[in-house]
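Trainee: Please find one structure pasted underneath; my questions will follow.
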Amino acid sequence: MSTEAVAQPAGRTRTRAKARAKVGKGPGRGGQVLLWLGVILTIVFCLFPFYWMINTSLKTGAELSTGHLFPHHPSVDNYTSIFKNSDFTTALKTSAIVAGGSTIIALTIGSFAAYALARLRFKFKFLILAIILSTTTFPPIAIAAPLFKIWTSNSIFGYHLYNTYPGLILPFLTFVLPLTIYILTSFFQEIPKDLEEAALVDGATRFQAFRKVVVPLAAPGLVTAGLLAFIFAWNEFLLSITLTSSANRRPVSAAIAFFTGSQQFEIPLGTIAAATVTITVPLIALVIIFQKRIVAGLTAGAVKG
Amino acid sequence: MNKKLASAGAILACAAIAAGCGSSGGGSTGNTVAGVGSNGKTVTPDMAKNAKGNVTWCIGKDTTGAFSQVVKLYNNQNSGVHVKLLELPTSADQQHSQLTQREQAKSSECDILGMDVIWTAEFAAQGWLRDVTPAINARKSEFIPATLGTAQINGKYWAVPFNTNAGFLYYNTSKVKKAPTTWQEAYQMAKTDGGLGYQGARYEGLTVNFLELLYSNGGKVLSDDGKKAEIDSPQAQQVLSFMQQGLKDGAVPKSNSTWMEEESRNAFQNGKVALLRNWPYVYALAKQAGVKFDLVPLPKFGNGQPASILGGYNLGISTYSKNPGGALSFINFATGPAAQKKFFIKSSLPAVITQTYNDPAVKKAQPFAPELLKAVQQGKPRPVSPVYPQISQAIYNNVYSALSSGTSPKSALSKAQSQINKALNTF
Amino acid sequence: MSAAQATVAARPRRRSEVSERRLAAYLVSPSLIVIAIVAAYPICYAIWLSLHQYSLIHPGLSRWVGLGNYRDAVTSSEFWSATKITFIFTVISVFLELVIGLGMALLMHAAFRGRAVLRAVVLVPWAVLTVGTAMMWKTIFDADLGFANQVLQALHLPGGHTVWLGQNGYAMAVMIFADVWKTAPFMALLLLAGLQVIPDDVYEAAKVDGATAWQRFTTITLPLLRPAILVALIFRTLDALRIFDLPFVLTQGSNGTTTLSLYAYQQLTQNRLIGPGSALAVLTFVIVMAVSFLYIRLVGGNIRALADET
């Protein structure tokens with residue numbers, strides 16, 4: 001009755017090899033080969049375009065229009081030129097400020113809301129949760145045009161918010177805030193109640209219990225939510241191109257799309273590649289370090305069933 | 001759970017009830033540029049005299065470096081005005097979006113707007129440009145008259161011509177032995193000698209290319225009074241079928257449908273096509289790349305007259321500019337003999353002032369200067385209208401559909417006609 | 001419509017209940033206020049804008065047209081074409097992402113070393129800047145100099161001269177491919193987490209009962225993965241319906257790739273038709289919300305559970 005005695009399946013599918021592997025005895029030899037094939041395919045599939053980007057970023061001049069798999073004359077010219085280009089470095093700063101700002105705000109007020117949703121009893125909880133979650137479904141185009149008009153026509157304390165940091169941070173909250181609430185609510189729910197109860201018994205107010213007991217325990221959740229929110233905000237494109245126009249207020253996603261190239265390249269392919277790689281490498285590093293947390297955050301609620 | 005749905009429905013329902021039955025509304029006033037002339041911010045020549053301060057010049061990407069050189073030359077004069085060059089993307093459509101976005105936001109970031117000639121009417125109608133009639137009148141005789149036509153609306157001038165343009169047919173002399181005199185001949189040569197390229201992507205450039213053939217064949221876009229579309233004509237169908245055929249039998253490569261100016265130039269320089277319709281700017285770059293080529297004015301279509309479309313850029317001063325005097329001072333320099341000569345020689349950007357064409361150095365560097373002058377003097381403008389973007393889209397969307405997706409010329413053109421009529425009646 | 005309240009404990013809690021409600025109000029209101037300002041108000045303003053037309057010829061002039069813009073939109077072939085294109089893109093890309101993601105998840109779930117590496121590798125597409133990769137795909141699929149055609153030609157495979165981004169169908173294929181590349185790994189992670197909670201004994205029991213691998217997959221794995229699959233489907237479907245970056249960068253909407261968001265954007269910015277453009281944006285919003293409500297009906301139980309679990 002041992003699984004090793006089970007004959008090799010005829011039409012080998014990846015899933016069958018997998019299913020057998022799940023049982024823990026490991027796949028048979030045919031399945032093993034298939035497994036490794038799948039692994040290699042997956043790695044190539046995921047990494048090749050990124051490799052291609054690095055490849056392109058090291059090429060210059062005429063070589064950019066060839067399809068060489070390796071740069072024949074690798075050079076870091078593209079990288080030096082983008083960093084000399086103040087538009088790019090400013091865009092990096094802008095993205096950091098805008099994505100960071102919206103993330104921090106979302107984490108703060110989002111954690112309050114998430115705590116209330118996870119712990120407290122009050123009416124309309126379901127409706128509020130539905131409203132918050134439905135905001136994640138808003139198509140950005142639906143708020144881009146009215147925001148453009150509002151930001152350019154109306155002034156708040158004498159400021160027009162068009163082409164400013166707050167002018168981007170606020171709209172970004174539309175999707176960053178619900179995301180953090182969604183993730184944090186699940187995290188808060190997983191924290192056992194007894195710790196808070198104990199604090200309450202000791203005389204702390206609800207809010208103190210929240211601050212001193214729950215938040216430290218939910219720190220991993222906060223990191224996860226913050227990281228995910230930051231990545232989504234970093235990638236945002238539509239609002240970034242609509243609500244800004246000058247280079248010093250444009251986030252990096254918009255700046256790259258409108259790269260005119262800092263040198264007299266006809267098509268600034270090399271510099272765009274260098275810029276994308278530069279931006280992505282720290283993100284990838286972050287994502288790899290925190291991969292377990294990220295996965296946990298993304299799947300919050302999914303697994304609960 | 002469906003409270004949200006209900007409340008959304010309620011909002012729409014209330015709006016519907018309040019709206020009554022459909023559109024009410026004032027009549028549209030046709031396509032007169034009625035908004036022009038209402039901002040009252042005129043720029044006079046003396047404003048440039050003692051101007052000081054910073055000026056930002058917003059214009060599309062400088063592919064040859066001439067823009068920055070001229071800016072540097074000007075700044076070195078130390079007149080008190082300092083100019084900064086702000087480059088917009090290469091694509092004209094994106095330049096348009098970025099300029100309109102800034103002007104809608106009443107931004108003072110761009111003092112000088114580098115506008116494709118076709119946007120001048122639109123920008124003027126929206127009140128984004130200052131009236132520069134006095135400034136132009138002070139130097140009117142210097143300019144080629146046809147170029148001034150693109151900046152004149154309702155009797156006033158709203159921009160200063162910066163460079164003009166007319167298309168040429170380049171041909172690789174190692175593959176094509178003699179210049180074609182008709183488009184039909186050119187396409188025939190392309191079949192055997194290595195292909196013909198033009199700007200076939202779905203954008204303004206396609207409108208230009210199509211109109212060059214259409215006008216030569218005697219067709220029109222608008223009626224003479226400019227009030228209705230006349231693009232659905234036998235002449236237009238003939239031209240469109242001809243272009244379709246060119247793609248079908250390989251005279252024009254299929255990838256032409258993704259080419260704008262730069263891509264077609266690269267294709268020509270790399271030898272992918274032996275004939276190329278493009279603007280004069282290619283001359284300097286192709287020479288630099290060592291390609292053996294020559295160029296001729298555009299051939300005629302069949303028995304028609306050769307036609308060229310007037311292109312080029314105008315420089316407008318933004319209504320929201322904080323330094324109109326400084327802007328005018330630089331504009332005068334950029335449209336003066338020294339700068340225009342530099343632009344012409346270094347970047348093949350055709351000058352708008354007549355004297356440049358007679359300069360011996362220019363004639364030496366650009367031997368085709370006399371033909372270019374003639375082409376410009378006889379150049380036809382595209383429809384001057386504040387809704388030109390929509391008119392152009394009607395043309396290029398449908399021409400592209402015929403060329404890239406095989407739509408029949410008859411249905412493509414009739415759709416273009418109805419779309420243009422709709423645009424002309426825009427509120 | 002209060003959710004099922006837990007029964008009140010023996011200890012009288014009236015005062016703390018009230019203070020709980022008040023605390024909850026304080027805690028939740030900042031978020032609700034922000035959402036009202038940056039989401040609800042703009043949407044209402046967009047609806048307001050969509051009921052007017054703004055003159056292109058007389059700046060500042062506007063007129064009330066009621067539902068006129070909406071009527072124009074739903075009678076225009078461009079709108080339906082954009083809707084069709086958006087739905088085709090959504091259905092195909094989400095389906096592919098699900099299948100490929102599931103395959104990757106099953107792969108990663110295999111009990112072997114290197115799973116951590118694989119998980120990190122799989123996160124790379126998701127971490128790379130979307131706009132940057134879109135530009136890379138644009139050059140890879142360039143008809144003349146792109147890597148894709150060069151490879152096809154080098155291997156003497158057919159299609160080496162395809163004008164990828166300049167032909168109907170092919171342009172959509174490239175768009176779908178680019179989207180699948182970026183998000184199949186994301187799906188894989190969501191599904192992997194779902195896989196990992198399925199206890200092994202269930203499979204053991206099934207094996208003892210003589211179930212084949214395929215049967216175990218379809219009768220155990222898939223049903224138990226259902227919640228994870230549904231959540232992944234919701235997020236991906238809604239994202240796909242709103243796609244903008246890819247068509248904007250790859251084709252600017254040419255050759256059958258003008259999605260709803262892109263169409264509305266072009267009307268708003270290129271043509272500056274604020275009224276009609278807003279109507280299109282609102283219609284896009286309505287379509288996306290309708291789909292999300294459909295999904296909520298399916299998955300509604302999860303959200304209720306979330307709300308009830310206190």
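Labeling convention for the structure tokens: chains A, B, ... as they appear, residues from 1 per chain, ligands from 1 in order of appearance.
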Got a sec: who's within 10 Å of Leu98 in chain C, counting only C-alpha atoms, leaving out chain neighbours fewer than 5 positions off, as JSON, numbers by chain?
Mentor: {"C": [92, 93, 103, 104, 180, 183, 184, 185, 186, 187, 188, 191, 229, 232, 233, 236]}
Trainee: Those residues with N, CA and C atoms, as a PDB file, in the first residue's frame please?
Mentor:
```pdb
ATOM      1  N   ILE C  92      -9.849  36.788 -20.532  1.00  0.00           N
ATOM      2  CA  ILE C  92      -8.707  35.973 -20.944  1.00  0.00           C
ATOM      3  C   ILE C  92      -7.561  36.099 -19.959  1.00  0.00           C
ATOM      4  N   SER C  93      -7.230  37.333 -19.581  1.00  0.00           N
ATOM      5  CA  SER C  93      -6.048  37.467 -18.728  1.00  0.00           C
ATOM      6  C   SER C  93      -6.306  36.873 -17.353  1.00  0.00           C
ATOM      7  N   GLY C 103      -0.782  26.631 -11.351  1.00  0.00           N
ATOM      8  CA  GLY C 103       0.333  25.749 -11.653  1.00  0.00           C
ATOM      9  C   GLY C 103       1.569  26.107 -10.845  1.00  0.00           C
ATOM     10  N   MET C 104       1.855  27.398 -10.807  1.00  0.00           N
ATOM     11  CA  MET C 104       3.036  27.835 -10.047  1.00  0.00           C
ATOM     12  C   MET C 104       2.866  27.522  -8.563  1.00  0.00           C
ATOM     13  N   VAL C 180      -0.320  39.095 -17.766  1.00  0.00           N
ATOM     14  CA  VAL C 180      -0.197  37.781 -17.140  1.00  0.00           C
ATOM     15  C   VAL C 180       1.178  37.646 -16.500  1.00  0.00           C
ATOM     16  N   THR C 183       1.129  39.477 -13.152  1.00  0.00           N
ATOM     17  CA  THR C 183       0.241  39.105 -12.052  1.00  0.00           C
ATOM     18  C   THR C 183       0.029  37.626 -11.806  1.00  0.00           C
ATOM     19  N   ALA C 184       0.428  36.753 -12.741  1.00  0.00           N
ATOM     20  CA  ALA C 184       0.293  35.329 -12.435  1.00  0.00           C
ATOM     21  C   ALA C 184       1.055  34.986 -11.158  1.00  0.00           C
ATOM     22  N   PRO C 185       2.254  35.541 -10.960  1.00  0.00           N
ATOM     23  CA  PRO C 185       2.962  35.243  -9.718  1.00  0.00           C
ATOM     24  C   PRO C 185       2.186  35.698  -8.483  1.00  0.00           C
ATOM     25  N   PHE C 186       1.524  36.833  -8.592  1.00  0.00           N
ATOM     26  CA  PHE C 186       0.711  37.351  -7.501  1.00  0.00           C
ATOM     27  C   PHE C 186      -0.390  36.352  -7.160  1.00  0.00           C
ATOM     28  N   MET C 187      -1.046  35.852  -8.200  1.00  0.00           N
ATOM     29  CA  MET C 187      -2.076  34.839  -7.982  1.00  0.00           C
ATOM     30  C   MET C 187      -1.479  33.607  -7.345  1.00  0.00           C
ATOM     31  N   ALA C 188      -0.278  33.257  -7.828  1.00  0.00           N
ATOM     32  CA  ALA C 188       0.360  32.050  -7.313  1.00  0.00           C
ATOM     33  C   ALA C 188       0.539  32.155  -5.805  1.00  0.00           C
ATOM     34  N   LEU C 191      -2.764  31.745  -3.980  1.00  0.00           N
ATOM     35  CA  LEU C 191      -3.229  30.364  -3.987  1.00  0.00           C
ATOM     36  C   LEU C 191      -2.329  29.472  -3.155  1.00  0.00           C
ATOM     37  N   ILE C 229      -9.294  31.110  -4.218  1.00  0.00           N
ATOM     38  CA  ILE C 229      -9.492  31.378  -5.637  1.00  0.00           C
ATOM     39  C   ILE C 229     -10.457  32.543  -5.823  1.00  0.00           C
ATOM     40  N   ALA C 232      -8.794  35.847  -4.973  1.00  0.00           N
ATOM     41  CA  ALA C 232      -7.848  36.193  -6.027  1.00  0.00           C
ATOM     42  C   ALA C 232      -8.602  36.656  -7.268  1.00  0.00           C
ATOM     43  N   LEU C 233      -9.675  35.947  -7.618  1.00  0.00           N
ATOM     44  CA  LEU C 233     -10.447  36.317  -8.801  1.00  0.00           C
ATOM     45  C   LEU C 233     -11.026  37.719  -8.683  1.00  0.00           C
ATOM     46  N   ARG C 236      -8.244  40.386  -9.030  1.00  0.00           N
ATOM     47  CA  ARG C 236      -7.691  40.445 -10.377  1.00  0.00           C
ATOM     48  C   ARG C 236      -8.710  40.940 -11.386  1.00  0.00           C
TER      49      ARG C 236
END
```
Trainee: Applying 9 Å and only C-alpha atoms, which residues near Pro297 in chain B remain after dropping the ones on its own chain fewer than 4 positions away? List them as a ChimeraX atom specification.
Mentor: /B:166-170,306,308,368,371-372,375
Trainee: Can you list every residue in range 282-400 of chain B that DSSP puts in helix (DSSP H, G or I), as a PyMOL selection string?
Mentor: chain B and resi 282-288+324-334+337-347+354-357+360-365+369-377+388-400
Trainee: Excluding Asn235 in chain A and any residue of its chain fewer than 4 positions from it, enumerate the residues within 12 Å of it, using only C-alpha atoms, and give them as a PyMOL selection string.
Mentor: (chain A and resi 95-96+98-99+172+175-176+228-231+239-241+251-257+276+279-280+283) or (chain C and resi 126-134+245)
Trainee: Take the selection from the previous step and output its residues with C-alpha atoms, as a JSON list (two decimals), in the first residue's frame.
Mentor:
```json
[["chain", "number", "residue", "atom", "x", "y", "z"],
["A", 95, "SER", "CA", 7.71, 59.21, -5.29],
["A", 96, "ALA", "CA", 9.26, 58.56, -1.90],
["A", 98, "VAL", "CA", 4.09, 60.76, -1.97],
["A", 99, "ALA", "CA", 4.09, 56.99, -1.54],
["A", 172, "PHE", "CA", -3.60, 57.96, -3.31],
["A", 175, "PHE", "CA", -6.78, 52.89, -2.67],
["A", 176, "VAL", "CA", -4.05, 52.80, -0.05],
["A", 228, "LEU", "CA", 2.07, 46.57, 0.24],
["A", 229, "ALA", "CA", 0.57, 50.05, 0.37],
["A", 230, "PHE", "CA", 3.91, 51.59, -0.51],
["A", 231, "ILE", "CA", 4.37, 49.29, -3.50],
["A", 239, "LEU", "CA", -3.40, 59.95, -11.18],
["A", 240, "SER", "CA", 0.31, 60.69, -11.32],
["A", 241, "ILE", "CA", 0.18, 61.86, -14.91],
["A", 251, "PRO", "CA", 6.48, 60.65, -9.38],
["A", 252, "VAL", "CA", 8.81, 58.19, -10.91],
["A", 253, "SER", "CA", 6.18, 56.21, -12.83],
["A", 254, "ALA", "CA", 5.09, 59.32, -14.70],
["A", 255, "ALA", "CA", 8.66, 60.52, -15.16],
["A", 256, "ILE", "CA", 9.72, 57.28, -16.81],
["A", 257, "ALA", "CA", 6.80, 57.31, -19.20],
["A", 276, "THR", "CA", 13.52, 51.07, -14.01],
["A", 279, "ILE", "CA", 13.95, 51.79, -8.88],
["A", 280, "THR", "CA", 13.18, 48.14, -8.82],
["A", 283, "LEU", "CA", 11.90, 47.16, -4.04],
["C", 126, "TRP", "CA", 5.14, 41.89, -9.08],
["C", 127, "ALA", "CA", 7.74, 44.16, -7.54],
["C", 128, "VAL", "CA", 9.00, 45.68, -10.78],
["C", 129, "LEU", "CA", 7.57, 49.06, -11.72],
["C", 130, "THR", "CA", 4.62, 48.50, -14.02],
["C", 131, "VAL", "CA", 5.33, 51.36, -16.35],
["C", 132, "GLY", "CA", 8.96, 50.35, -16.71],
["C", 133, "THR", "CA", 8.13, 46.80, -17.69],
["C", 134, "ALA", "CA", 5.47, 48.02, -20.08],
["C", 245, "ASP", "CA", -1.09, 51.62, -17.91]]
```
Trainee: Which residues of range 249-348 of chain B come within 8 Å of range 217-222 of chain B, and what is each one's closest atom pair and distance in Å (one decimal), counting only C-alpha atoms, sorted by chain and residue number, as a Markdown table?
Mentor:
```
| residue | atom | partner | partner_atom | distance |
| --- | --- | --- | --- | --- |
| B:Lys300 | CA | B:Asn217 | CA | 7.8 |
| B:Phe301 | CA | B:Asn217 | CA | 5.6 |
| B:Gly302 | CA | B:Asn217 | CA | 7.2 |
| B:Asn303 | CA | B:Asn217 | CA | 7.6 |
| B:Gly304 | CA | B:Asn217 | CA | 5.2 |
| B:Gln305 | CA | B:Asn217 | CA | 7.3 |
```
Trainee: Store the residues picked out above in a file with C-alpha atoms, as a tab-separated table (two decimals), in the first residue's frame.
Mentor:
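Output (part39.tsv):
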```tsv
chain	number	residue	atom	x	y	z
B	300	LYS	CA	2.34	64.43	-57.37
B	301	PHE	CA	-0.51	61.98	-57.23
B	302	GLY	CA	-1.30	60.91	-60.75
B	303	ASN	CA	-2.00	64.00	-62.79
B	304	GLY	CA	-2.53	66.37	-59.92
B	305	GLN	CA	-0.43	69.21	-58.65
```
Trainee: Taking only C-alpha atoms into account, which of B:Asn137, B:Ser414, B:Asn421, B:Asn397 comes nearest chain C?
Mentor: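 When distances to chain C are compared using only C-alpha atoms, the smallest one comes from B:Asn397.
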Trainee: Using only C-alpha atoms, which residues sit within 6 Å of range 321-325 of chain B once same-chain residues fewer than 2 positions away are excluded, as a PyMOL selection string?
Mentor: chain B and resi 47-48+51+108+111+318-319+327-328
Trainee: Near Phe141 in chain C, counting only C-alpha atoms, which residues have an atom at most 8 Å away, once you skip same-chain residues fewer than 3 positions from it, shown as a list in words?
Mentor: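 Listing them by chain and then by number gives Trp137, Lys138, Gly146, Phe147, Ala148, Asn149, Trp164, Leu165 and Val174 of chain C.
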Trainee: Can I get the selected residues back with C-alpha atoms, as a PDB file, in the first residue's frame?
Mentor:
```
ATOM      1  CA  TRP C 137       7.624  44.842 -23.512  1.00  0.00           C
ATOM      2  CA  LYS C 138       7.077  47.552 -26.062  1.00  0.00           C
ATOM      3  CA  GLY C 146      12.503  43.718 -31.020  1.00  0.00           C
ATOM      4  CA  PHE C 147      13.905  40.706 -29.284  1.00  0.00           C
ATOM      5  CA  ALA C 148      10.796  38.604 -29.810  1.00  0.00           C
ATOM      6  CA  ASN C 149      10.986  38.774 -33.583  1.00  0.00           C
ATOM      7  CA  TRP C 164       2.978  42.756 -32.825  1.00  0.00           C
ATOM      8  CA  LEU C 165       1.823  46.119 -31.685  1.00  0.00           C
ATOM      9  CA  VAL C 174       0.905  41.290 -26.181  1.00  0.00           C
TER      10      VAL C 174
END
```
Trainee: Should the cut-off be 10 Å, what would the residue list for chain B against chain A look like, counting only C-alpha atoms, as a PyMOL selection string?
Mentor: chain B and resi 1-4+60-65+86-91+94-95+97-99+101-102+104-107+109-110+262-263+266
Trainee: Output N, CA and C atoms for every residue in that selection, as a compact mmCIF listing (two decimals), in the first residue's frame.
Mentor:
```txt
# COMPACT_ATOMS: atom_id res chain seq x y z
N MET B 1 -27.27 45.02 2.50
CA MET B 1 -26.01 44.94 1.75
C MET B 1 -26.08 45.76 0.48
N ASN B 2 -27.24 45.89 -0.09
CA ASN B 2 -27.31 46.64 -1.33
C ASN B 2 -27.64 48.09 -1.10
N LYS B 3 -27.37 48.54 0.13
CA LYS B 3 -27.67 49.95 0.40
C LYS B 3 -26.86 50.84 -0.51
N LYS B 4 -25.63 50.45 -0.71
CA LYS B 4 -24.77 51.30 -1.53
C LYS B 4 -25.34 51.38 -2.94
N GLY B 60 8.91 70.53 -27.58
CA GLY B 60 9.20 69.11 -27.71
C GLY B 60 10.69 68.84 -27.82
N LYS B 61 11.03 67.58 -27.63
CA LYS B 61 12.43 67.19 -27.50
C LYS B 61 13.31 67.68 -28.64
N ASP B 62 14.45 68.13 -28.27
CA ASP B 62 15.42 68.71 -29.17
C ASP B 62 16.33 67.59 -29.68
N THR B 63 16.04 67.05 -30.84
CA THR B 63 16.79 65.87 -31.25
C THR B 63 18.20 66.16 -31.72
N THR B 64 18.52 67.41 -31.97
CA THR B 64 19.86 67.65 -32.48
C THR B 64 20.70 68.54 -31.59
N GLY B 65 20.11 69.06 -30.53
CA GLY B 65 20.90 69.90 -29.64
C GLY B 65 20.88 71.36 -30.00
N LEU B 86 12.70 73.64 -21.30
CA LEU B 86 12.00 72.52 -20.68
C LEU B 86 11.51 71.62 -21.81
N GLU B 87 12.08 70.44 -21.91
CA GLU B 87 11.75 69.57 -23.04
C GLU B 87 10.53 68.72 -22.75
N LEU B 88 9.63 68.68 -23.72
CA LEU B 88 8.45 67.82 -23.65
C LEU B 88 8.74 66.56 -24.47
N PRO B 89 7.91 65.52 -24.33
CA PRO B 89 8.18 64.28 -25.06
C PRO B 89 8.18 64.48 -26.57
N THR B 90 8.76 63.51 -27.30
CA THR B 90 8.86 63.63 -28.75
C THR B 90 7.50 63.60 -29.42
N SER B 91 6.60 62.83 -28.87
CA SER B 91 5.31 62.67 -29.53
C SER B 91 4.51 63.96 -29.45
N GLN B 94 1.59 63.95 -27.07
CA GLN B 94 1.90 64.11 -25.66
C GLN B 94 2.31 65.54 -25.35
N GLN B 95 2.98 66.20 -26.31
CA GLN B 95 3.30 67.61 -26.10
C GLN B 95 2.00 68.38 -25.91
N SER B 97 -0.92 67.26 -24.88
CA SER B 97 -1.55 66.98 -23.58
C SER B 97 -0.86 67.76 -22.47
N GLN B 98 0.46 67.79 -22.51
CA GLN B 98 1.16 68.41 -21.39
C GLN B 98 0.98 69.92 -21.40
N LEU B 99 0.94 70.51 -22.58
CA LEU B 99 0.72 71.96 -22.62
C LEU B 99 -0.71 72.29 -22.19
N GLN B 101 -2.69 70.61 -20.32
CA GLN B 101 -2.88 70.35 -18.90
C GLN B 101 -2.39 71.53 -18.07
N ARG B 102 -1.20 72.04 -18.43
CA ARG B 102 -0.67 73.17 -17.68
C ARG B 102 -1.54 74.39 -17.85
N GLN B 104 -4.72 74.57 -18.65
CA GLN B 104 -6.01 74.42 -17.96
C GLN B 104 -5.85 74.68 -16.48
N ALA B 105 -4.68 74.32 -15.96
CA ALA B 105 -4.43 74.54 -14.55
C ALA B 105 -3.94 75.95 -14.27
N LYS B 106 -3.89 76.77 -15.32
CA LYS B 106 -3.46 78.17 -15.20
C LYS B 106 -2.04 78.25 -14.62
N SER B 107 -1.23 77.27 -15.02
CA SER B 107 0.13 77.24 -14.50
C SER B 107 0.99 78.28 -15.18
N GLU B 109 4.19 77.93 -15.31
CA GLU B 109 5.47 77.29 -15.48
C GLU B 109 6.06 77.54 -16.85
N CYS B 110 5.23 77.48 -17.90
CA CYS B 110 5.73 77.69 -19.26
C CYS B 110 5.39 79.11 -19.70
N GLU B 262 10.58 59.42 -35.99
CA GLU B 262 11.87 58.85 -35.63
C GLU B 262 12.02 57.41 -36.10
N GLU B 263 10.95 56.63 -35.95
CA GLU B 263 11.04 55.23 -36.36
C GLU B 263 11.25 55.12 -37.87
N ASN B 266 14.81 56.04 -38.69
CA ASN B 266 15.72 54.94 -38.37
C ASN B 266 15.64 53.83 -39.42
```
Trainee: Closest to chain A among C:Ala82, C:Ala173, C:Ala120, C:Leu273, using only C-alpha atoms?
Mentor: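 Going through C:Ala82, C:Ala173, C:Ala120, C:Leu273 one by one, the smallest distance to chain A is for C:Ala120.
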Trainee: Could you check the closest approach to Ile82 in chain A for each of A:Pro268, A:Gly167, A:Gly61, A:Gly203 and tell me which residue wins, using only C-alpha atoms?
Mentor: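 Checking each of A:Pro268, A:Gly167, A:Gly61, A:Gly203 against Ile82 in chain A, counting only C-alpha atoms, the winner is A:Pro268.
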Trainee: Return as CSV the residues of chain C lying at most 7 Å from chain B, together with the closest atom-to-atom pair for each and the distance in Å to one decimal, counting only C-alpha atoms, with rows in chain order and ascending residue number.
Mentor:
```
residue,atom,partner,partner_atom,distance
C:Ser55,CA,B:Phe427,CA,5.1
C:Leu56,CA,B:Phe427,CA,6.5
C:Ile57,CA,B:Ala125,CA,5.9
C:His58,CA,B:Gly35,CA,4.7
C:Pro59,CA,B:Gln126,CA,5.2
C:Arg63,CA,B:Gly25,CA,6.0
C:Trp64,CA,B:Gly25,CA,6.3
C:Val65,CA,B:Ser23,CA,4.0
C:Gly66,CA,B:Ala19,CA,4.4
C:Leu67,CA,B:Gly22,CA,5.6
C:Gly68,CA,B:Ser23,CA,5.2
C:Ala143,CA,B:Ser255,CA,6.0
C:Val163,CA,B:Ser255,CA,5.5
C:Gly166,CA,B:Thr258,CA,5.7
C:Gln167,CA,B:Ser404,CA,6.5
C:Asn168,CA,B:Ser405,CA,6.7
C:Ser254,CA,B:Arg202,CA,6.8
C:Thr269,CA,B:Ser97,CA,6.4
C:Gln270,CA,B:Ser97,CA,6.0
C:Asn271,CA,B:Gln390,CA,6.7
```
Trainee: Atoms to include: N, CA and C atoms. Write the selected residues as a short mmCIF file (atom, residue, chain, number, x, y, z; two decimals), in the first residue's frame.
Mentor:
```cif
data_model
loop_
_atom_site.label_atom_id
_atom_site.label_comp_id
_atom_site.auth_asym_id
_atom_site.auth_seq_id
_atom_site.Cartn_x
_atom_site.Cartn_y
_atom_site.Cartn_z
N SER C 55 -17.86 74.16 -23.22
CA SER C 55 -17.55 74.59 -24.57
C SER C 55 -16.07 74.54 -24.86
N LEU C 56 -15.76 74.07 -26.09
CA LEU C 56 -14.37 74.09 -26.52
C LEU C 56 -14.06 75.39 -27.23
N ILE C 57 -15.13 76.11 -27.57
CA ILE C 57 -14.92 77.29 -28.39
C ILE C 57 -15.03 78.56 -27.55
N HIS C 58 -15.91 78.53 -26.57
CA HIS C 58 -16.03 79.67 -25.67
C HIS C 58 -15.56 79.21 -24.30
N PRO C 59 -14.37 79.59 -23.93
CA PRO C 59 -13.88 79.07 -22.64
C PRO C 59 -14.77 79.54 -21.50
N ARG C 63 -23.19 74.16 -20.55
CA ARG C 63 -24.65 74.04 -20.59
C ARG C 63 -25.07 72.70 -20.03
N TRP C 64 -26.29 72.67 -19.54
CA TRP C 64 -26.84 71.47 -18.92
C TRP C 64 -27.37 70.55 -20.01
N VAL C 65 -26.96 69.29 -19.97
CA VAL C 65 -27.50 68.36 -20.96
C VAL C 65 -28.14 67.14 -20.34
N GLY C 66 -28.24 67.13 -19.03
CA GLY C 66 -28.89 66.00 -18.40
C GLY C 66 -28.19 64.71 -18.74
N LEU C 67 -28.97 63.76 -19.23
CA LEU C 67 -28.37 62.47 -19.55
C LEU C 67 -27.88 62.41 -20.99
N GLY C 68 -27.79 63.57 -21.63
CA GLY C 68 -27.38 63.61 -23.03
C GLY C 68 -26.04 62.96 -23.28
N ALA C 143 8.43 45.52 -34.02
CA ALA C 143 8.38 44.66 -35.20
C ALA C 143 9.74 44.51 -35.87
N VAL C 163 3.96 42.23 -36.95
CA VAL C 163 3.95 43.57 -36.37
C VAL C 163 3.08 43.47 -35.13
N GLY C 166 1.09 46.44 -33.95
CA GLY C 166 0.41 47.19 -35.01
C GLY C 166 -0.66 46.40 -35.72
N GLN C 167 -1.07 45.28 -35.14
CA GLN C 167 -2.12 44.48 -35.77
C GLN C 167 -3.16 44.11 -34.76
N ASN C 168 -4.41 44.15 -35.22
CA ASN C 168 -5.51 43.74 -34.33
C ASN C 168 -5.27 42.31 -33.85
N SER C 254 -4.22 51.75 -29.98
CA SER C 254 -4.38 51.34 -31.38
C SER C 254 -4.70 49.86 -31.50
N THR C 269 -8.60 64.11 -21.73
CA THR C 269 -7.39 64.91 -21.83
C THR C 269 -7.07 65.32 -23.25
N GLN C 270 -7.14 64.38 -24.22
CA GLN C 270 -6.76 64.79 -25.57
C GLN C 270 -7.81 65.69 -26.18
N ASN C 271 -9.06 65.32 -26.01
CA ASN C 271 -10.12 66.09 -26.63
C ASN C 271 -10.72 67.12 -25.71
#
```
